[in-house]
file coords.csv (CSV, C-alpha atoms)
chain,number,residue,atom,x,y,z
D,1,ILE,CA,130.5,-210.2,-91.3
D,2,ALA,CA,128.0,-212.5,-89.7
D,3,ALA,CA,126.1,-214.9,-91.9
D,4,GLY,CA,122.5,-214.2,-92.9
D,5,GLY,CA,122.7,-210.5,-93.3
D,6,GLY,CA,121.3,-210.6,-96.9
D,7,PHE,CA,121.2,-207.2,-98.5
D,8,ASN,CA,122.8,-205.5,-95.5
D,9,ASP,CA,126.0,-207.6,-96.1
D,10,GLY,CA,126.5,-205.6,-99.3
D,11,LEU,CA,126.0,-202.3,-97.4
D,12,ASN,CA,128.5,-203.4,-94.7
D,13,VAL,CA,131.1,-204.2,-97.4
D,14,LEU,CA,130.6,-200.8,-99.0
D,15,ASN,CA,131.0,-199.1,-95.6
D,16,ILE,CA,134.2,-201.1,-94.9
D,17,VAL,CA,135.7,-200.2,-98.2
D,18,SER,CA,134.6,-196.5,-98.2
D,19,ASN,CA,136.0,-196.0,-94.7
D,20,HIS,CA,139.4,-197.6,-95.5
D,21,PRO,CA,142.3,-195.1,-95.8
D,22,SER,CA,143.1,-196.4,-99.2
D,23,CYS,CA,139.7,-195.4,-100.5
D,24,ALA,CA,140.3,-191.8,-99.4
D,25,ARG,CA,143.7,-191.7,-101.0
D,26,PHE,CA,142.4,-193.3,-104.2
D,27,ILE,CA,139.5,-190.9,-104.7
D,28,SER,CA,141.5,-187.9,-103.7
D,29,THR,CA,144.2,-188.8,-106.2
D,30,LYS,CA,141.6,-189.3,-109.0
D,31,LEU,CA,140.0,-185.9,-108.3
D,32,LEU,CA,143.3,-184.1,-108.0
D,33,ARG,CA,144.4,-185.4,-111.3
D,34,TRP,CA,141.0,-184.4,-112.8
D,35,LEU,CA,140.8,-180.9,-111.4
D,36,LEU,CA,144.2,-179.7,-110.5
D,37,ASN,CA,147.4,-181.6,-111.4
D,38,TYR,CA,148.2,-184.7,-113.5
D,39,ASN,CA,150.9,-185.7,-110.8
D,40,PRO,CA,149.7,-184.5,-107.4
D,41,SER,CA,152.3,-184.6,-104.6
D,42,PRO,CA,152.0,-187.1,-101.8
D,43,ALA,CA,151.5,-184.3,-99.4
D,44,LEU,CA,148.6,-182.8,-101.4
D,45,VAL,CA,147.0,-186.3,-101.7
D,46,ALA,CA,147.3,-186.8,-98.0
D,47,ASP,CA,145.8,-183.4,-97.3
D,48,ILE,CA,142.7,-184.0,-99.5
D,49,ALA,CA,142.4,-187.6,-98.2
D,50,GLY,CA,142.3,-186.2,-94.7
D,51,GLU,CA,139.4,-183.9,-95.7
D,52,PHE,CA,137.6,-186.8,-97.3
D,53,THR,CA,137.9,-188.8,-94.1
D,54,ARG,CA,137.1,-185.9,-91.8
D,55,THR,CA,133.8,-185.1,-93.7
D,56,GLY,CA,132.8,-188.7,-94.3
D,57,GLY,CA,133.4,-188.4,-98.1
D,58,TYR,CA,131.4,-185.2,-98.5
D,59,ILE,CA,132.2,-184.4,-102.1
D,60,LYS,CA,131.5,-180.7,-102.0
D,61,ALA,CA,133.8,-180.2,-99.0
D,62,PHE,CA,136.9,-181.9,-100.4
D,63,VAL,CA,136.4,-180.6,-103.9
D,64,ARG,CA,136.3,-177.1,-102.4
D,65,ARG,CA,139.6,-177.9,-100.6
D,66,ILE,CA,141.1,-179.2,-103.9
D,67,LEU,CA,140.1,-175.9,-105.6
D,68,HIS,CA,141.4,-173.7,-102.8
D,69,TYR,CA,142.9,-170.5,-104.1
D,70,ASP,CA,146.5,-171.5,-103.1
D,71,ASN,CA,146.2,-174.8,-104.8
D,72,VAL,CA,144.8,-173.3,-108.0
D,73,LEU,CA,147.3,-170.5,-108.0
D,74,TRP,CA,150.3,-172.8,-108.2
D,75,ALA,CA,148.7,-175.6,-110.2
D,76,PRO,CA,150.2,-176.4,-113.7
D,77,PRO,CA,147.9,-176.1,-116.7
D,78,ILE,CA,145.8,-179.1,-117.7
D,79,PHE,CA,145.1,-179.9,-121.3
D,80,LYS,CA,141.4,-179.7,-122.3
D,81,ARG,CA,140.1,-183.0,-123.5
D,82,PRO,CA,138.3,-182.5,-126.9
D,83,PHE,CA,134.8,-182.4,-125.3
D,84,HIS,CA,135.8,-179.7,-122.9
D,85,TYR,CA,137.6,-177.8,-125.6
D,86,ILE,CA,134.6,-177.8,-127.9
D,87,VAL,CA,132.1,-176.9,-125.2
D,88,SER,CA,134.2,-174.1,-123.9
D,89,ALA,CA,134.6,-172.7,-127.4
D,90,LEU,CA,130.8,-172.8,-127.9
D,91,ARG,CA,130.3,-171.0,-124.6
D,92,VAL,CA,132.8,-168.2,-125.1
D,93,MET,CA,131.5,-167.6,-128.7
D,94,ASN,CA,128.0,-167.6,-127.3
D,95,ALA,CA,126.9,-169.9,-130.1
D,96,ASN,CA,123.2,-170.3,-130.7
D,97,ILE,CA,122.7,-174.1,-130.7
D,98,THR,CA,119.9,-175.4,-132.8
D,99,SER,CA,121.3,-178.9,-133.3
D,100,LEU,CA,124.2,-180.9,-131.8
D,101,ASN,CA,124.3,-183.5,-134.5
D,102,THR,CA,127.2,-182.1,-136.4
D,103,VAL,CA,129.1,-181.2,-133.2
D,104,ARG,CA,128.7,-184.7,-132.0
D,105,GLN,CA,129.0,-186.8,-135.2
D,106,THR,CA,131.6,-184.7,-137.0
D,107,TYR,CA,133.7,-182.8,-134.5
D,108,LEU,CA,133.7,-184.9,-131.4
D,109,ALA,CA,134.0,-188.0,-133.4
D,110,GLY,CA,136.9,-186.5,-135.4
D,111,THR,CA,138.7,-185.7,-132.2
D,112,GLY,CA,138.1,-189.2,-130.8
D,113,HIS,CA,135.9,-188.1,-128.0
D,114,THR,CA,132.3,-189.2,-128.9
D,115,PRO,CA,130.2,-189.4,-125.8
D,116,TYR,CA,129.6,-192.9,-124.5
D,117,ALA,CA,131.9,-194.5,-127.2
D,118,TRP,CA,134.7,-195.6,-124.8
D,119,GLY,CA,134.5,-199.3,-124.3
D,120,PRO,CA,136.3,-200.0,-121.0
D,121,PRO,CA,134.4,-199.0,-117.8
D,122,ASP,CA,137.1,-196.5,-116.7
D,123,GLY,CA,136.0,-193.7,-119.0
D,124,TYR,CA,138.1,-191.7,-121.5
D,125,PRO,CA,141.7,-191.0,-120.5
D,126,GLN,CA,142.5,-187.7,-118.8
D,127,GLU,CA,146.2,-187.5,-119.6
D,128,PHE,CA,147.8,-185.1,-122.1
D,129,GLU,CA,149.8,-187.9,-123.6
D,130,TYR,CA,146.6,-189.5,-124.9
D,131,TRP,CA,145.0,-186.3,-126.4
D,132,GLY,CA,147.9,-184.1,-127.3
D,133,GLY,CA,148.9,-185.7,-130.6
D,134,LEU,CA,145.8,-184.8,-132.5
D,135,PRO,CA,145.6,-181.0,-132.7
D,136,LEU,CA,144.3,-180.6,-136.3
D,137,PRO,CA,140.6,-181.4,-135.7
D,138,ARG,CA,140.6,-179.0,-132.7
D,139,TRP,CA,142.0,-176.2,-134.9
D,140,ASN,CA,139.5,-176.9,-137.6
D,141,PHE,CA,136.7,-176.7,-135.2
D,142,GLY,CA,137.9,-173.3,-133.8
D,143,PHE,CA,138.1,-171.8,-137.3
D,144,GLN,CA,134.9,-173.3,-138.6
D,145,LEU,CA,133.0,-172.2,-135.5
D,146,ALA,CA,134.3,-168.6,-135.9
D,147,ASN,CA,133.4,-168.7,-139.6
D,148,ASN,CA,129.8,-170.0,-139.0
D,149,SER,CA,130.6,-173.2,-140.7
D,150,VAL,CA,129.5,-175.5,-137.9
D,151,SER,CA,126.0,-176.7,-138.7
D,152,GLY,CA,123.6,-176.1,-135.8
D,153,ALA,CA,125.9,-173.6,-134.0
D,154,ALA,CA,125.5,-170.0,-135.2
D,155,VAL,CA,127.9,-167.3,-134.0
D,156,ASP,CA,127.0,-163.6,-134.1
D,157,ILE,CA,130.4,-162.0,-134.5
D,158,THR,CA,128.9,-158.5,-134.5
D,159,ALA,CA,127.3,-159.0,-131.1
D,160,LEU,CA,130.6,-160.5,-129.8
D,161,LEU,CA,132.5,-157.4,-131.0
D,162,ASN,CA,130.2,-155.0,-129.1
D,163,GLY,CA,131.2,-152.1,-131.3
D,164,ALA,CA,134.9,-152.9,-131.6
D,165,THR,CA,136.3,-152.0,-135.0
D,166,SER,CA,140.1,-151.4,-134.9
D,167,ALA,CA,142.7,-154.2,-134.7
D,168,THR,CA,143.5,-153.3,-131.1
D,169,GLN,CA,139.8,-153.1,-130.1
D,170,VAL,CA,139.0,-156.5,-131.7
D,171,ALA,CA,142.0,-158.1,-130.0
D,172,ASP,CA,140.9,-156.6,-126.7
D,173,ARG,CA,137.4,-158.1,-127.1
D,174,ILE,CA,138.9,-161.5,-127.9
D,175,ASP,CA,141.0,-161.2,-124.8
D,176,VAL,CA,138.0,-160.4,-122.6
D,177,LEU,CA,135.7,-163.0,-124.2
D,178,LEU,CA,138.1,-166.0,-124.5
D,179,PHE,CA,140.7,-165.3,-121.8
D,180,ALA,CA,139.0,-163.1,-119.2
D,181,GLY,CA,141.6,-160.5,-119.9
D,182,GLU,CA,144.6,-162.8,-119.3
D,183,MET,CA,145.6,-163.6,-122.9
D,184,PRO,CA,149.4,-164.0,-123.2
D,185,ALA,CA,150.9,-160.7,-124.3
D,186,ALA,CA,152.8,-162.3,-127.2
D,187,ASP,CA,149.6,-163.9,-128.5
D,188,LYS,CA,147.7,-160.7,-128.3
D,189,ALA,CA,150.4,-158.8,-130.1
D,190,ALA,CA,150.3,-161.4,-132.9
D,191,LEU,CA,146.6,-161.0,-133.2
D,192,ILE,CA,146.9,-157.3,-133.5
D,193,THR,CA,149.5,-157.7,-136.3
D,194,TYR,CA,147.2,-160.1,-138.1
D,195,LEU,CA,144.3,-157.8,-137.8
D,196,ARG,CA,146.0,-154.7,-139.2
D,197,PRO,CA,143.9,-153.4,-142.2
D,198,ALA,CA,145.2,-154.4,-145.6
D,199,GLY,CA,145.7,-151.9,-148.4
D,200,THR,CA,143.6,-148.8,-148.1
D,201,ALA,CA,141.2,-150.3,-145.6
D,202,THR,CA,140.8,-148.5,-142.2
D,203,VAL,CA,139.5,-151.5,-140.2
D,204,PRO,CA,140.1,-155.2,-140.4
D,205,SER,CA,137.9,-157.2,-142.8
D,206,THR,CA,135.2,-159.5,-141.5
D,207,THR,CA,137.3,-162.4,-142.7
D,208,GLN,CA,140.2,-161.2,-140.7
D,209,ILE,CA,138.1,-160.8,-137.6
D,210,ARG,CA,136.6,-164.2,-137.9
D,211,ASP,CA,139.9,-165.8,-138.5
D,212,ALA,CA,141.4,-163.9,-135.5
D,213,PHE,CA,138.8,-165.6,-133.3
D,214,GLY,CA,139.7,-168.9,-134.9
D,215,LEU,CA,143.4,-168.3,-134.2
D,216,ALA,CA,142.6,-167.4,-130.5
D,217,LEU,CA,140.5,-170.6,-130.1
D,218,SER,CA,143.3,-172.6,-131.6
D,219,SER,CA,146.1,-171.0,-129.5
D,220,PRO,CA,147.8,-173.0,-126.7
D,221,ALA,CA,146.4,-170.6,-124.1
D,222,PHE,CA,142.8,-171.7,-125.0
D,223,GLN,CA,143.7,-175.4,-125.4
D,224,TRP,CA,144.9,-175.5,-121.8
D,225,HIS,CA,143.2,-174.5,-118.6
call {"tool": "encode", "arguments": {"input": "coords.csv", "output": "structure tokens"}}
result
Amino acid sequence: IAAGGGFNDGLNVLNIVSNHPSCARFISTKLLRWLLNYNPSPALVADIAGEFTRTGGYIKAFVRRILHYDNVLWAPPIFKRPFHYIVSALRVMNANITSLNTVRQTYLAGTGHTPYAWGPPDGYPQEFEYWGGLPLPRWNFGFQLANNSVSGAAVDITALLNGATSATQVADRIDVLLFAGEMPAADKAALITYLRPAGTATVPSTTQIRDAFGLALSSPAFQWH
């Protein structure tokens, strides 16, 4: 780099770094770990890095290649970090949000994932090993959300049920809402068993139904994606 370039010297350095093959491999590996697989194969990293280089680092193009149907079809599940778990639960339960203070200060803080609270500049870890040992706050959030005990996040169970009343119908609705119809058969069978009316009742109680949603939100199938 010739002397006297001033501001352009910095741009030249950025161009040199971004065009280096190691940059393509590094960014491709990071995005693969984030979106697809904690341990991507060298061949997959090379494929995505090639797309990065071919498109000049066009993010949309190589993210689309990472999420190609064949890659997603064979990818292992990734454990939801607490923020993603809580947000996905709020979405599938169609919670009416009037305040995020409790979600942020109680539930995200309790899971160790308060936004902007990670000191180092590398961001919160992605790996299961970091997050997988603290399930209780996640389970608590799932049950408390389903039971309308999360301040600022109201859930309309009646609207979610859409007329479902029997144990099987309620389990079917949970399957559709939370798992897009792909709830594991064993989990669904367990929900139906739990939802069977007690005593002389003909339909599950409201408490049973709310707790069934909580069980589904706490199940491994919802904790991973």
call {"tool": "atom_distance", "arguments": {"input": "coords.csv", "atom1": "CA of Tyr130 (chain D)", "atom2": "CA of Arg81 (chain D)"}}
result
9.3 Å
call {"tool": "residues_around", "arguments": {"input": "coords.csv", "residues": "Tyr194 (chain D)", "least_positions_apart": "2", "cutoff": "9 Å", "atoms": "only C-alpha atoms", "output": "PyMOL selection string"}}
result
chain D and resi 167+189-192+196-197+204+208+212
call {"tool": "closest_residue", "arguments": {"input": "coords.csv", "among": "D:Ile174, D:Leu217, D:Ala180, D:Ile66", "to": "Pro135 (chain D)", "atoms": "only C-alpha atoms"}}
result
D:Leu217
call {"tool": "atom_distance", "arguments": {"input": "coords.csv", "atom1": "CA of Thr102 (chain D)", "atom2": "CA of Ala153 (chain D)"}}
result
8.9 Å
call {"tool": "closest_atom_pairs", "arguments": {"input": "coords.csv", "of": "region 32-54 of chain D", "to": "region 71-76 of chain D", "cutoff": "12 Å", "atoms": "only C-alpha atoms", "output": "JSON lines"}}
result
{"residue": "D:Leu32", "atom": "CA", "partner": "D:Asn71", "partner_atom": "CA", "distance": 10.3}
{"residue": "D:Arg33", "atom": "CA", "partner": "D:Ala75", "partner_atom": "CA", "distance": 10.8}
{"residue": "D:Trp34", "atom": "CA", "partner": "D:Ala75", "partner_atom": "CA", "distance": 12.0}
{"residue": "D:Leu35", "atom": "CA", "partner": "D:Val72", "partner_atom": "CA", "distance": 9.2}
{"residue": "D:Leu36", "atom": "CA", "partner": "D:Ala75", "partner_atom": "CA", "distance": 6.1}
{"residue": "D:Asn37", "atom": "CA", "partner": "D:Ala75", "partner_atom": "CA", "distance": 6.3}
{"residue": "D:Tyr38", "atom": "CA", "partner": "D:Pro76", "partner_atom": "CA", "distance": 8.5}
{"residue": "D:Asn39", "atom": "CA", "partner": "D:Pro76", "partner_atom": "CA", "distance": 9.8}
{"residue": "D:Pro40", "atom": "CA", "partner": "D:Ala75", "partner_atom": "CA", "distance": 9.4}
{"residue": "D:Ser41", "atom": "CA", "partner": "D:Ala75", "partner_atom": "CA", "distance": 11.2}
{"residue": "D:Leu44", "atom": "CA", "partner": "D:Asn71", "partner_atom": "CA", "distance": 9.0}
{"residue": "D:Val45", "atom": "CA", "partner": "D:Asn71", "partner_atom": "CA", "distance": 11.9}
{"residue": "D:Asp47", "atom": "CA", "partner": "D:Asn71", "partner_atom": "CA", "distance": 11.4}
{"residue": "D:Ile48", "atom": "CA", "partner": "D:Asn71", "partner_atom": "CA", "distance": 11.2}
call {"tool": "residues_around", "arguments": {"input": "coords.csv", "residues": "Thr53 (chain D)", "least_positions_apart": "5", "cutoff": "12 Å", "atoms": "only C-alpha atoms", "output": "VMD selection string"}}
result
chain D and resid 18 to 28 46 to 48 58 to 59 61 to 62
call {"tool": "closest_residue", "arguments": {"input": "coords.csv", "among": "D:Thr207, D:Ser166, D:Thr200, D:Thr114", "to": "Gln144 (chain D)", "atoms": "all atoms listed in the file"}}
result
D:Thr207
call {"tool": "atom_distance", "arguments": {"input": "coords.csv", "atom1": "CA of Val92 (chain D)", "atom2": "CA of Leu177 (chain D)"}}
result
6.0 Å
call {"tool": "residues_around", "arguments": {"input": "coords.csv", "residues": "Leu90 (chain D)", "least_positions_apart": "6", "cutoff": "9 Å", "atoms": "only C-alpha atoms", "output": "list in words"}}
result
Asn96, Ile97, Leu145, Ala153 and Val155 of chain D
call {"tool": "residues_near_point", "arguments": {"input": "coords.csv", "point": "(137.2, -177.5, -139.4)", "cutoff": "12 Å", "atoms": "all atoms listed in the file", "output": "PyMOL selection string"}}
result
chain D and resi 86+102-103+106-108+110-111+135-151+214+218
call {"tool": "closest_residue", "arguments": {"input": "coords.csv", "among": "D:Phe222, D:Phe52, D:Phe7, D:Phe213", "to": "Met183 (chain D)", "atoms": "all atoms listed in the file"}}
result
D:Phe222
call {"tool": "closest_residue", "arguments": {"input": "coords.csv", "among": "D:Ala95, D:Ala198, D:Ala89, D:Thr158", "to": "Ser219 (chain D)", "atoms": "all atoms listed in the file"}}
result
D:Ala89
call {"tool": "residues_around", "arguments": {"input": "coords.csv", "residues": "Arg173 (chain D)", "least_positions_apart": "3", "cutoff": "9 Å", "atoms": "only C-alpha atoms", "output": "compact mmCIF listing (two decimals) with C-alpha atoms, keeping the file's coordinate frame"}}
result
# COMPACT_ATOMS: atom_id res chain seq x y z
CA LEU D 160 130.60 -160.50 -129.80
CA LEU D 161 132.50 -157.40 -131.00
CA ASN D 162 130.20 -155.00 -129.10
CA ALA D 164 134.90 -152.90 -131.60
CA THR D 168 143.50 -153.30 -131.10
CA GLN D 169 139.80 -153.10 -130.10
CA VAL D 170 139.00 -156.50 -131.70
CA VAL D 176 138.00 -160.40 -122.60
CA LEU D 177 135.70 -163.00 -124.20
CA LEU D 178 138.10 -166.00 -124.50
CA GLY D 181 141.60 -160.50 -119.90
